[in-house]
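Visitor: This is entry-v6.csv, which holds CSV, N, CA and C atoms:
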chain,number,residue,atom,x,y,z
A,52,MET,N,28.2,0.7,-2.2
A,52,MET,CA,26.8,0.4,-1.6
A,52,MET,C,26.1,-0.5,-2.7
A,53,GLY,N,25.6,-1.7,-2.2
A,53,GLY,CA,24.9,-2.6,-3.1
A,53,GLY,C,23.5,-2.2,-3.3
A,54,SER,N,22.8,-2.9,-4.3
A,54,SER,CA,21.4,-2.5,-4.6
A,54,SER,C,20.5,-2.7,-3.4
A,55,ASP,N,20.7,-3.8,-2.6
A,55,ASP,CA,19.9,-4.0,-1.5
A,55,ASP,C,19.9,-2.8,-0.5
A,56,ASP,N,21.1,-2.3,-0.3
A,56,ASP,CA,21.3,-1.1,0.5
A,56,ASP,C,20.5,0.1,0.0
A,57,LEU,N,20.6,0.3,-1.3
A,57,LEU,CA,19.8,1.4,-1.9
A,57,LEU,C,18.3,1.2,-1.7
A,58,TYR,N,17.9,0.0,-1.9
A,58,TYR,CA,16.4,-0.2,-1.7
A,58,TYR,C,16.1,0.0,-0.2
A,59,ARG,N,16.9,-0.5,0.7
A,59,ARG,CA,16.6,-0.3,2.1
A,59,ARG,C,16.6,1.2,2.5
A,60,GLU,N,17.5,2.0,1.9
A,60,GLU,CA,17.5,3.4,2.1
A,60,GLU,C,16.2,4.0,1.6
A,61,ALA,N,15.7,3.6,0.4
A,61,ALA,CA,14.5,4.1,-0.1
A,61,ALA,C,13.3,3.8,0.8
A,62,ILE,N,13.3,2.5,1.3
A,62,ILE,CA,12.2,2.1,2.2
A,62,ILE,C,12.2,3.0,3.5
A,63,LEU,N,13.4,3.2,4.0
A,63,LEU,CA,13.5,4.0,5.2
A,63,LEU,C,13.1,5.5,4.9
A,64,ASP,N,13.4,6.0,3.8
A,64,ASP,CA,13.0,7.3,3.4
A,64,ASP,C,11.5,7.4,3.3
A,65,TYR,N,10.9,6.5,2.6
A,65,TYR,CA,9.4,6.5,2.5
A,65,TYR,C,8.7,6.3,3.9
A,66,TYR,N,9.4,5.6,4.8
A,66,TYR,CA,8.8,5.4,6.1
A,66,TYR,C,8.9,6.7,6.9
A,67,LYS,N,10.1,7.3,6.9
A,67,LYS,CA,10.4,8.5,7.7
A,67,LYS,C,9.7,9.8,7.0
A,68,HIS,N,9.5,9.8,5.7
A,68,HIS,CA,8.9,10.9,5.0
A,68,HIS,C,7.9,10.4,4.1
A,69,PRO,N,6.8,9.9,4.6
A,69,PRO,CA,5.7,9.3,3.8
A,69,PRO,C,5.1,10.2,2.8
A,70,ARG,N,4.8,9.8,1.6
A,70,ARG,CA,4.1,10.5,0.6
A,70,ARG,C,2.7,10.1,0.6
A,71,HIS,N,1.8,11.0,0.4
A,71,HIS,CA,0.3,10.7,0.3
A,71,HIS,C,-0.2,10.2,1.6
A,72,LYS,N,0.4,10.5,2.8
A,72,LYS,CA,-0.2,10.1,4.1
A,72,LYS,C,-1.2,11.1,4.6
A,73,GLY,N,-2.3,10.6,5.0
A,73,GLY,CA,-3.3,11.5,5.5
A,73,GLY,C,-4.7,11.1,5.0
A,74,HIS,N,-5.6,12.0,4.8
A,74,HIS,CA,-6.9,11.7,4.4
A,74,HIS,C,-7.4,12.6,3.2
A,75,LEU,N,-8.2,12.1,2.4
A,75,LEU,CA,-8.8,12.8,1.3
A,75,LEU,C,-10.1,13.4,1.7
A,76,ASP,N,-10.5,14.5,1.1
A,76,ASP,CA,-11.9,15.0,1.3
A,76,ASP,C,-12.8,14.2,0.5
A,77,SER,N,-13.8,13.6,1.0
A,77,SER,CA,-14.8,12.9,0.3
A,77,SER,C,-14.3,11.8,-0.6
A,78,PRO,N,-13.5,10.8,-0.1
A,78,PRO,CA,-13.0,9.8,-1.0
A,78,PRO,C,-14.1,8.9,-1.6
A,79,ASP,N,-13.9,8.5,-2.8
A,79,ASP,CA,-14.8,7.6,-3.4
A,79,ASP,C,-14.7,6.1,-2.9
A,80,VAL,N,-13.5,5.8,-2.6
A,80,VAL,CA,-13.1,4.5,-2.1
A,80,VAL,C,-12.4,4.6,-0.7
A,81,GLN,N,-12.8,3.9,0.2
A,81,GLN,CA,-12.1,3.9,1.5
A,81,GLN,C,-12.1,2.4,2.1
A,82,TYR,N,-10.9,1.9,2.5
A,82,TYR,CA,-10.9,0.6,3.0
A,82,TYR,C,-9.8,0.5,4.1
A,83,HIS,N,-10.2,0.0,5.2
A,83,HIS,CA,-9.3,-0.2,6.4
A,83,HIS,C,-9.0,-1.6,6.6
A,84,ASP,N,-7.7,-2.0,6.9
A,84,ASP,CA,-7.4,-3.3,7.2
A,84,ASP,C,-6.2,-3.3,8.2
A,85,HIS,N,-6.1,-4.5,8.9
A,85,HIS,CA,-5.0,-4.6,9.8
A,85,HIS,C,-4.4,-6.0,9.8
A,86,ASN,N,-3.2,-6.1,10.4
A,86,ASN,CA,-2.6,-7.4,10.5
A,86,ASN,C,-2.7,-7.8,12.0
A,87,PRO,N,-3.5,-8.7,12.4
A,87,PRO,CA,-3.7,-9.0,13.8
A,87,PRO,C,-2.4,-9.6,14.5
A,88,PHE,N,-1.5,-10.1,13.7
A,88,PHE,CA,-0.3,-10.7,14.3
A,88,PHE,C,0.7,-9.7,14.7
A,89,CYS,N,0.8,-8.6,14.0
A,89,CYS,CA,1.8,-7.6,14.3
A,89,CYS,C,1.3,-6.2,14.8
A,90,GLY,N,0.0,-6.0,14.5
A,90,GLY,CA,-0.7,-4.8,14.8
A,90,GLY,C,-0.6,-3.7,13.8
A,91,ASP,N,0.0,-3.9,12.6
A,91,ASP,CA,0.0,-2.9,11.6
A,91,ASP,C,-1.4,-2.6,11.1
A,92,GLU,N,-1.7,-1.3,10.8
A,92,GLU,CA,-3.0,-0.9,10.3
A,92,GLU,C,-2.8,0.0,9.1
A,93,ILE,N,-3.7,-0.1,8.1
A,93,ILE,CA,-3.6,0.7,7.0
A,93,ILE,C,-5.1,1.1,6.5
A,94,THR,N,-5.3,2.3,6.2
A,94,THR,CA,-6.5,2.8,5.6
A,94,THR,C,-6.1,3.4,4.3
A,95,VAL,N,-6.8,2.9,3.2
A,95,VAL,CA,-6.5,3.5,1.9
A,95,VAL,C,-7.7,4.2,1.4
A,96,GLU,N,-7.5,5.4,0.8
A,96,GLU,CA,-8.6,6.2,0.3
A,96,GLU,C,-8.2,6.6,-1.1
A,97,LEU,N,-9.2,6.6,-2.0
A,97,LEU,CA,-9.0,6.9,-3.4
A,97,LEU,C,-10.1,7.9,-3.9
A,98,LYS,N,-9.7,8.8,-4.7
A,98,LYS,CA,-10.6,9.7,-5.5
A,98,LYS,C,-10.6,9.1,-6.9
A,99,ILE,N,-11.8,8.8,-7.4
A,99,ILE,CA,-11.9,8.2,-8.7
A,99,ILE,C,-12.7,9.1,-9.7
A,100,GLU,N,-12.2,9.3,-10.9
A,100,GLU,CA,-12.9,10.0,-11.9
A,100,GLU,C,-12.8,9.2,-13.2
A,101,ASP,N,-14.0,8.9,-13.8
A,101,ASP,CA,-14.0,8.1,-15.0
A,101,ASP,C,-13.2,6.8,-14.9
A,102,GLY,N,-13.3,6.1,-13.7
A,102,GLY,CA,-12.6,4.8,-13.6
A,102,GLY,C,-11.1,4.9,-13.3
A,103,VAL,N,-10.6,6.1,-13.2
A,103,VAL,CA,-9.2,6.3,-13.0
A,103,VAL,C,-8.9,7.0,-11.6
A,104,VAL,N,-7.9,6.6,-10.9
A,104,VAL,CA,-7.5,7.2,-9.7
A,104,VAL,C,-6.8,8.5,-9.9
A,105,VAL,N,-7.5,9.6,-9.4
A,105,VAL,CA,-6.9,10.9,-9.6
A,105,VAL,C,-6.2,11.4,-8.3
A,106,ASP,N,-6.5,10.8,-7.2
A,106,ASP,CA,-5.8,11.1,-6.0
A,106,ASP,C,-5.9,9.9,-5.0
A,107,ALA,N,-4.9,9.7,-4.2
A,107,ALA,CA,-4.8,8.6,-3.3
A,107,ALA,C,-4.1,9.0,-2.0
A,108,ALA,N,-4.6,8.4,-0.9
A,108,ALA,CA,-3.9,8.7,0.4
A,108,ALA,C,-4.0,7.4,1.2
A,109,PHE,N,-3.2,7.3,2.2
A,109,PHE,CA,-3.2,6.3,3.2
A,109,PHE,C,-3.0,6.8,4.6
A,110,ASP,N,-3.5,6.1,5.6
A,110,ASP,CA,-3.2,6.5,6.9
A,110,ASP,C,-3.0,5.2,7.7
A,111,GLY,N,-2.4,5.2,8.8
A,111,GLY,CA,-2.2,4.0,9.6
A,111,GLY,C,-0.9,4.1,10.4
A,112,HIS,N,-0.6,3.0,11.0
A,112,HIS,CA,0.7,2.8,11.7
A,112,HIS,C,1.2,1.4,11.6
A,113,GLY,N,2.5,1.3,11.8
A,113,GLY,CA,3.1,-0.1,11.8
A,113,GLY,C,4.5,0.0,11.5
A,114,CYS,N,5.1,-1.1,11.0
A,114,CYS,CA,6.5,-1.2,10.8
A,114,CYS,C,6.9,-0.4,9.5
A,115,ALA,N,8.2,-0.3,9.3
A,115,ALA,CA,8.7,0.5,8.2
A,115,ALA,C,8.3,-0.2,6.9
A,116,ILE,N,8.2,-1.5,6.8
A,116,ILE,CA,7.8,-2.1,5.5
A,116,ILE,C,6.4,-1.8,5.2
A,117,SER,N,5.4,-2.0,6.1
A,117,SER,CA,4.0,-1.7,5.7
A,117,SER,C,3.8,-0.3,5.4
A,118,GLN,N,4.4,0.6,6.2
A,118,GLN,CA,4.1,2.1,5.9
A,118,GLN,C,4.8,2.5,4.6
A,119,ALA,N,6.0,2.1,4.4
A,119,ALA,CA,6.7,2.5,3.2
A,119,ALA,C,6.1,1.9,2.0
A,120,THR,N,5.6,0.7,2.0
A,120,THR,CA,4.9,0.1,0.9
A,120,THR,C,3.6,0.9,0.6
A,121,ALA,N,2.9,1.2,1.6
A,121,ALA,CA,1.7,2.0,1.4
A,121,ALA,C,2.0,3.3,0.7
A,122,SER,N,3.0,4.0,1.2
A,122,SER,CA,3.4,5.3,0.6
A,122,SER,C,3.8,5.1,-0.9
A,123,MET,N,4.7,4.1,-1.1
A,123,MET,CA,5.1,3.9,-2.5
A,123,MET,C,4.0,3.5,-3.4
A,124,LEU,N,3.1,2.7,-2.9
A,124,LEU,CA,1.9,2.2,-3.7
A,124,LEU,C,1.0,3.4,-4.0
A,125,MET,N,0.8,4.3,-3.1
A,125,MET,CA,-0.1,5.5,-3.5
A,125,MET,C,0.5,6.3,-4.6
A,126,GLU,N,1.8,6.4,-4.6
A,126,GLU,CA,2.5,7.1,-5.8
A,126,GLU,C,2.3,6.4,-7.1
A,127,GLU,N,2.4,5.0,-7.0
A,127,GLU,CA,2.3,4.2,-8.2
A,127,GLU,C,0.9,4.2,-8.8
A,128,ILE,N,-0.2,4.3,-8.0
A,128,ILE,CA,-1.5,4.1,-8.5
A,128,ILE,C,-2.2,5.3,-9.1
A,129,ILE,N,-1.7,6.5,-8.7
A,129,ILE,CA,-2.3,7.7,-9.3
A,129,ILE,C,-2.2,7.7,-10.8
A,130,GLY,N,-3.3,7.9,-11.5
A,130,GLY,CA,-3.3,7.8,-12.9
A,130,GLY,C,-3.7,6.5,-13.5
A,131,LYS,N,-3.8,5.5,-12.6
A,131,LYS,CA,-4.1,4.1,-13.1
A,131,LYS,C,-5.6,3.9,-13.0
A,132,SER,N,-6.1,3.0,-13.9
A,132,SER,CA,-7.5,2.6,-13.8
A,132,SER,C,-7.7,1.6,-12.7
A,133,LEU,N,-9.0,1.5,-12.3
A,133,LEU,CA,-9.3,0.4,-11.3
A,133,LEU,C,-9.0,-0.9,-11.8
A,134,ASP,N,-9.1,-1.2,-13.1
A,134,ASP,CA,-8.7,-2.5,-13.7
A,134,ASP,C,-7.2,-2.7,-13.6
A,135,GLU,N,-6.4,-1.7,-13.8
A,135,GLU,CA,-5.0,-1.8,-13.6
A,135,GLU,C,-4.6,-2.1,-12.1
A,136,ILE,N,-5.3,-1.4,-11.2
A,136,ILE,CA,-5.1,-1.6,-9.8
A,136,ILE,C,-5.5,-3.1,-9.4
A,137,LYS,N,-6.6,-3.6,-9.9
A,137,LYS,CA,-7.0,-4.9,-9.6
A,137,LYS,C,-5.9,-6.0,-10.1
A,138,ALA,N,-5.1,-5.6,-11.1
A,138,ALA,CA,-4.1,-6.5,-11.7
A,138,ALA,C,-2.8,-6.5,-10.9
A,139,ILE,N,-2.6,-5.5,-10.0
A,139,ILE,CA,-1.4,-5.4,-9.2
A,139,ILE,C,-1.3,-6.7,-8.3
A,140,ASP,N,-0.1,-7.3,-8.3
A,140,ASP,CA,0.0,-8.5,-7.5
A,140,ASP,C,1.2,-8.5,-6.6
A,141,LYS,N,1.4,-9.6,-5.9
A,141,LYS,CA,2.6,-9.7,-5.0
A,141,LYS,C,3.9,-9.4,-5.7
A,142,GLU,N,4.1,-9.9,-6.9
A,142,GLU,CA,5.3,-9.7,-7.6
A,142,GLU,C,5.6,-8.2,-7.8
A,143,PHE,N,4.5,-7.5,-8.1
A,143,PHE,CA,4.7,-6.0,-8.3
A,143,PHE,C,5.2,-5.4,-7.1
A,144,ILE,N,4.7,-5.7,-5.9
A,144,ILE,CA,5.1,-5.2,-4.6
A,144,ILE,C,6.6,-5.6,-4.4
A,145,LEU,N,6.9,-6.8,-4.6
A,145,LEU,CA,8.3,-7.3,-4.3
A,145,LEU,C,9.3,-6.5,-5.2
A,146,GLU,N,8.9,-6.3,-6.5
A,146,GLU,CA,9.8,-5.6,-7.4
A,146,GLU,C,9.9,-4.1,-7.0
A,147,MET,N,8.8,-3.6,-6.5
A,147,MET,CA,8.8,-2.2,-6.1
A,147,MET,C,9.7,-2.0,-4.9
A,148,LEU,N,9.6,-2.9,-3.9
A,148,LEU,CA,10.5,-2.8,-2.7
A,148,LEU,C,11.9,-3.2,-3.0
A,149,GLY,N,12.1,-4.2,-3.9
A,149,GLY,CA,13.5,-4.5,-4.3
A,149,GLY,C,14.3,-5.3,-3.3
A,150,ILE,N,13.8,-5.9,-2.3
A,150,ILE,CA,14.6,-6.6,-1.3
A,150,ILE,C,13.9,-8.0,-1.1
A,151,GLU,N,14.7,-8.9,-0.7
A,151,GLU,CA,14.2,-10.3,-0.3
A,151,GLU,C,13.6,-10.1,1.1
A,152,MET,N,12.5,-10.9,1.3
A,152,MET,CA,11.9,-10.8,2.7
A,152,MET,C,11.3,-12.2,3.0
A,153,GLY,N,11.3,-12.5,4.3
A,153,GLY,CA,10.6,-13.7,4.8
A,153,GLY,C,9.1,-13.6,4.9
A,154,PRO,N,8.5,-14.7,5.3
A,154,PRO,CA,7.0,-14.7,5.3
A,154,PRO,C,6.4,-13.6,6.2
A,155,VAL,N,7.0,-13.3,7.4
A,155,VAL,CA,6.4,-12.4,8.3
A,155,VAL,C,6.5,-11.0,7.7
A,156,ARG,N,7.6,-10.6,7.1
A,156,ARG,CA,7.7,-9.3,6.5
A,156,ARG,C,6.9,-9.2,5.2
A,157,LEU,N,6.7,-10.3,4.6
A,157,LEU,CA,5.9,-10.3,3.4
A,157,LEU,C,4.4,-9.9,3.7
A,158,LYS,N,3.9,-10.4,4.8
A,158,LYS,CA,2.6,-10.1,5.3
A,158,LYS,C,2.5,-8.5,5.5
A,159,CYS,N,3.5,-8.0,6.0
A,159,CYS,CA,3.6,-6.5,6.3
A,159,CYS,C,3.6,-5.8,4.9
A,160,ALA,N,4.3,-6.3,4.0
A,160,ALA,CA,4.4,-5.6,2.7
A,160,ALA,C,3.1,-5.7,1.9
A,161,LEU,N,2.4,-6.8,2.1
A,161,LEU,CA,1.2,-7.0,1.3
A,161,LEU,C,-0.1,-6.4,1.9
A,162,LEU,N,0.0,-6.0,3.2
A,162,LEU,CA,-1.2,-5.4,3.8
A,162,LEU,C,-1.7,-4.2,3.0
A,163,PRO,N,-0.9,-3.2,2.6
A,163,PRO,CA,-1.4,-2.1,1.8
A,163,PRO,C,-2.1,-2.5,0.5
A,164,LEU,N,-1.5,-3.5,-0.1
A,164,LEU,CA,-2.0,-4.1,-1.4
A,164,LEU,C,-3.4,-4.7,-1.1
A,165,LYS,N,-3.5,-5.4,0.0
A,165,LYS,CA,-4.8,-6.1,0.3
A,165,LYS,C,-5.9,-5.0,0.5
A,166,ALA,N,-5.5,-3.9,1.2
A,166,ALA,CA,-6.5,-2.9,1.5
A,166,ALA,C,-6.9,-2.1,0.2
A,167,LEU,N,-5.9,-1.9,-0.7
A,167,LEU,CA,-6.1,-1.3,-1.9
A,167,LEU,C,-7.0,-2.1,-2.8
A,168,LYS,N,-6.7,-3.3,-3.0
A,168,LYS,CA,-7.5,-4.2,-3.9
A,168,LYS,C,-8.9,-4.4,-3.3
A,169,ALA,N,-9.1,-4.5,-2.0
A,169,ALA,CA,-10.4,-4.7,-1.4
A,169,ALA,C,-11.2,-3.4,-1.7
A,170,GLY,N,-10.6,-2.3,-1.6
A,170,GLY,CA,-11.3,-1.0,-1.9
A,170,GLY,C,-11.6,-0.9,-3.4
A,171,ALA,N,-10.7,-1.3,-4.3
A,171,ALA,CA,-10.9,-1.2,-5.7
A,171,ALA,C,-12.1,-2.2,-6.1
A,172,TYR,N,-12.2,-3.3,-5.4
A,172,TYR,CA,-13.3,-4.2,-5.7
A,172,TYR,C,-14.6,-3.8,-5.0
A,173,GLY,N,-14.5,-2.8,-4.2
A,173,GLY,CA,-15.7,-2.3,-3.5
A,173,GLY,C,-16.2,-3.2,-2.3
A,174,LEU,N,-15.2,-3.9,-1.7
A,174,LEU,CA,-15.6,-4.8,-0.6
A,174,LEU,C,-15.8,-3.9,0.7
A,175,GLU,N,-16.8,-4.3,1.4
A,175,GLU,CA,-17.0,-3.6,2.7
A,175,GLU,C,-16.1,-4.2,3.8
A,176,GLU,N,-15.9,-5.5,3.7
A,176,GLU,CA,-14.9,-6.2,4.6
A,176,GLU,C,-14.4,-7.4,3.9
A,177,TRP,N,-13.2,-7.8,4.3
A,177,TRP,CA,-12.5,-8.9,3.7
A,177,TRP,C,-13.2,-10.2,4.0
A,178,PRO,N,-13.5,-11.1,2.9
A,178,PRO,CA,-14.2,-12.3,3.2
A,178,PRO,C,-13.4,-13.3,4.1
A,179,GLU,N,-14.0,-13.9,5.0
A,179,GLU,CA,-13.4,-14.8,5.9
A,179,GLU,C,-13.2,-16.2,5.3
Before we go any further, please render this structure as structure tokens.
Guide:
Amino acid sequence: MGSDDLYREAILDYYKHPRHKGHLDSPDVQYHDHNPFCGDEITVELKIEDGVVVDAAFDGHGCAISQATASMLMEEIIGKSLDEIKAIDKEFILEMLGIEMGPVRLKCALLPLKALKAGAYGLEEWPE
């Protein structure tokens, strides 16, 4: 089994058995976003103490890539500061997923990051 296969298995596992899916009681940060082209939706919620994420959750629906990325990302950010979250970029997501993807799938993979960063920056809605 090649490394791409292992990453694909991990993505499917996170999709079928998501971690941190649901809602937090009284989140400090909440941001909802969607991809109008494919219909994927993600809501990210964070509990913050002293500028550090102490709990995180997501909810939504969509393809395996968007949902698995959201689940993986929630695991990654617990314990990180808002400044560290603001520094997360596309390369971080691609490394985390470990597979090559085209432009359409890339939008799916980046949707949870977009919602996370908008929430971390305190945006009410994404600037047009």
Visitor: From the list A:Val103, A:Ala61, A:Leu174, A:Ala138, which residue is nearest A:Ala115 when using only C-alpha atoms?
Guide: A:Ala61
Visitor: Between A:Pro154, A:Gly149, A:Gly170, A:Pro163, which residue has the minimum interatomic distance to A:Val104, considering only C-alpha atoms?
Guide: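 Residue with the minimum atom-to-atom distance to A:Val104: A:Gly170.
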Visitor: With distances taken over all atoms listed in the file, which residue among A:Ala166, A:Pro78, A:Glu126, A:Ala119 lies nearest A:Leu148?
Guide: A:Ala119
Visitor: One decimal, Å: what's the distance from atom C of A:Thr120 over to atom CA of A:Ala160, could you say?
Guide: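 A separation of 6.9 Å between them.
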Visitor: I'd like the interatomic distance between atom C of A:Tyr66 and atom N of A:His85, to a tenth of an Å.
Guide: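 Computing it gives 18.8 Å between the two atoms.
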Visitor: Interatomic distance between atom N of A:His74 and atom N of A:Leu164?
Guide: 16.8 Å
Visitor: How would you write, as a ChimeraX atom specification, the set of residues in chain A that DSSP gives as helix (DSSP H, G or I)?
Guide: /A:54-67,115-128,133-138,141-148,154-171
Visitor: Taking only C-alpha atoms into account, which of A:Cys159, A:Ile128, A:Ile139, A:Glu151 comes nearest A:Pro87?
Guide: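 For A:Pro87, the nearest of the candidates is A:Cys159.
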Visitor: Hey, which of A:Val95, A:Leu145, A:Ile116, A:Leu162 ends up closest to A:Leu63? Count all atoms listed in the file.
Guide: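 With all atoms listed in the file as the atom set, the closest residue is A:Ile116.
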Visitor: Excluding A:Ala107 and residues on its chain fewer than 2 positions from it, collect all residues at most 6 Å away from it, counting only C-alpha atoms, and give them as a list in words.
Guide: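 Listing them by chain and then by number gives Glu96, Leu97 and Met125 of chain A.
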Visitor: Pull N, CA and C atoms from the residues just selected and write them as a tab-separated table (two decimals), in the coordinates of the input.
Guide:
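For reference, selection.tsv as written:
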chain	number	residue	atom	x	y	z
A	96	GLU	N	-7.50	5.40	0.80
A	96	GLU	CA	-8.60	6.20	0.30
A	96	GLU	C	-8.20	6.60	-1.10
A	97	LEU	N	-9.20	6.60	-2.00
A	97	LEU	CA	-9.00	6.90	-3.40
A	97	LEU	C	-10.10	7.90	-3.90
A	125	MET	N	0.80	4.30	-3.10
A	125	MET	CA	-0.10	5.50	-3.50
A	125	MET	C	0.50	6.30	-4.60
Visitor: Give me every strand (DSSP E) residue in chain A, going by DSSP on the backbone, as a list in words.
Guide: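 Matching residues, listed in order: Val80, Gln81, Tyr82, His83, Asp84, His85, Glu92, Ile93, Thr94, Val95, Glu96, Leu97, Lys98, Ile99, Glu100, Val103, Val104, Val105, Asp106, Ala107, Ala108, Phe109, Asp110, Gly111 and His112 of chain A.
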Visitor: Have a look at A:Leu133, A:Cys114, A:Ala169, A:Ile62 and name the one nearest to A:Gly90; count only C-alpha atoms.
Guide: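 Of A:Leu133, A:Cys114, A:Ala169, A:Ile62, the one nearest A:Gly90, counting only C-alpha atoms, is A:Cys114.
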Visitor: May I have the residues within 7 Å of A:Asp106 as a PyMOL selection string, using only N, CA and C atoms and disregarding those fewer than 6 positions away in the same chain?
Guide: chain A and resi 96-100+129-130
Visitor: As a compact mmCIF listing (two decimals), in the frame of the given file, please: stretch 141-148 of chain A completed to all heavy atoms.
Guide:
# COMPACT_ATOMS: atom_id res chain seq x y z
N LYS A 141 1.40 -9.60 -5.90
CA LYS A 141 2.60 -9.70 -5.00
C LYS A 141 3.90 -9.40 -5.70
O LYS A 141 4.76 -8.75 -5.10
CB LYS A 141 2.54 -11.11 -4.39
CG LYS A 141 3.71 -11.42 -3.48
CD LYS A 141 3.59 -12.79 -2.86
CE LYS A 141 4.25 -13.81 -3.71
NZ LYS A 141 4.39 -15.13 -3.09
N GLU A 142 4.10 -9.90 -6.90
CA GLU A 142 5.30 -9.70 -7.60
C GLU A 142 5.60 -8.20 -7.80
O GLU A 142 6.74 -7.77 -7.77
CB GLU A 142 5.33 -10.47 -8.93
CG GLU A 142 5.25 -11.98 -8.74
CD GLU A 142 6.28 -12.52 -7.77
OE1 GLU A 142 7.47 -12.14 -7.86
OE2 GLU A 142 5.91 -13.33 -6.90
N PHE A 143 4.50 -7.50 -8.10
CA PHE A 143 4.70 -6.00 -8.30
C PHE A 143 5.20 -5.40 -7.10
O PHE A 143 6.15 -4.55 -7.12
CB PHE A 143 3.32 -5.41 -8.72
CG PHE A 143 3.35 -3.93 -8.92
CD1 PHE A 143 3.61 -3.40 -10.18
CD2 PHE A 143 3.12 -3.06 -7.87
CE1 PHE A 143 3.64 -2.03 -10.37
CE2 PHE A 143 3.15 -1.69 -8.05
CZ PHE A 143 3.41 -1.17 -9.31
N ILE A 144 4.70 -5.70 -5.90
CA ILE A 144 5.10 -5.20 -4.60
C ILE A 144 6.60 -5.60 -4.40
O ILE A 144 7.36 -4.73 -3.95
CB ILE A 144 4.18 -5.67 -3.49
CG1 ILE A 144 2.75 -5.20 -3.70
CG2 ILE A 144 4.72 -5.25 -2.13
CD1 ILE A 144 2.54 -3.70 -3.70
N LEU A 145 6.90 -6.80 -4.60
CA LEU A 145 8.30 -7.30 -4.30
C LEU A 145 9.30 -6.50 -5.20
O LEU A 145 10.35 -6.16 -4.78
CB LEU A 145 8.39 -8.79 -4.49
CG LEU A 145 7.64 -9.60 -3.44
CD1 LEU A 145 7.70 -11.09 -3.78
CD2 LEU A 145 8.18 -9.34 -2.04
N GLU A 146 8.90 -6.30 -6.50
CA GLU A 146 9.80 -5.60 -7.40
C GLU A 146 9.90 -4.10 -7.00
O GLU A 146 10.99 -3.56 -7.00
CB GLU A 146 9.24 -5.64 -8.83
CG GLU A 146 9.71 -6.84 -9.60
CD GLU A 146 9.26 -6.77 -11.05
OE1 GLU A 146 9.33 -5.69 -11.68
OE2 GLU A 146 8.83 -7.83 -11.55
N MET A 147 8.80 -3.60 -6.50
CA MET A 147 8.80 -2.20 -6.10
C MET A 147 9.70 -2.00 -4.90
O MET A 147 10.46 -1.03 -4.80
CB MET A 147 7.36 -1.75 -5.76
CG MET A 147 7.18 -0.30 -5.38
SD MET A 147 5.44 0.11 -5.03
CE MET A 147 5.22 -0.73 -3.45
N LEU A 148 9.60 -2.90 -3.90
CA LEU A 148 10.50 -2.80 -2.70
C LEU A 148 11.90 -3.20 -3.00
O LEU A 148 12.84 -2.67 -2.40
CB LEU A 148 9.90 -3.73 -1.63
CG LEU A 148 8.56 -3.27 -1.07
CD1 LEU A 148 8.01 -4.31 -0.11
CD2 LEU A 148 8.69 -1.92 -0.37
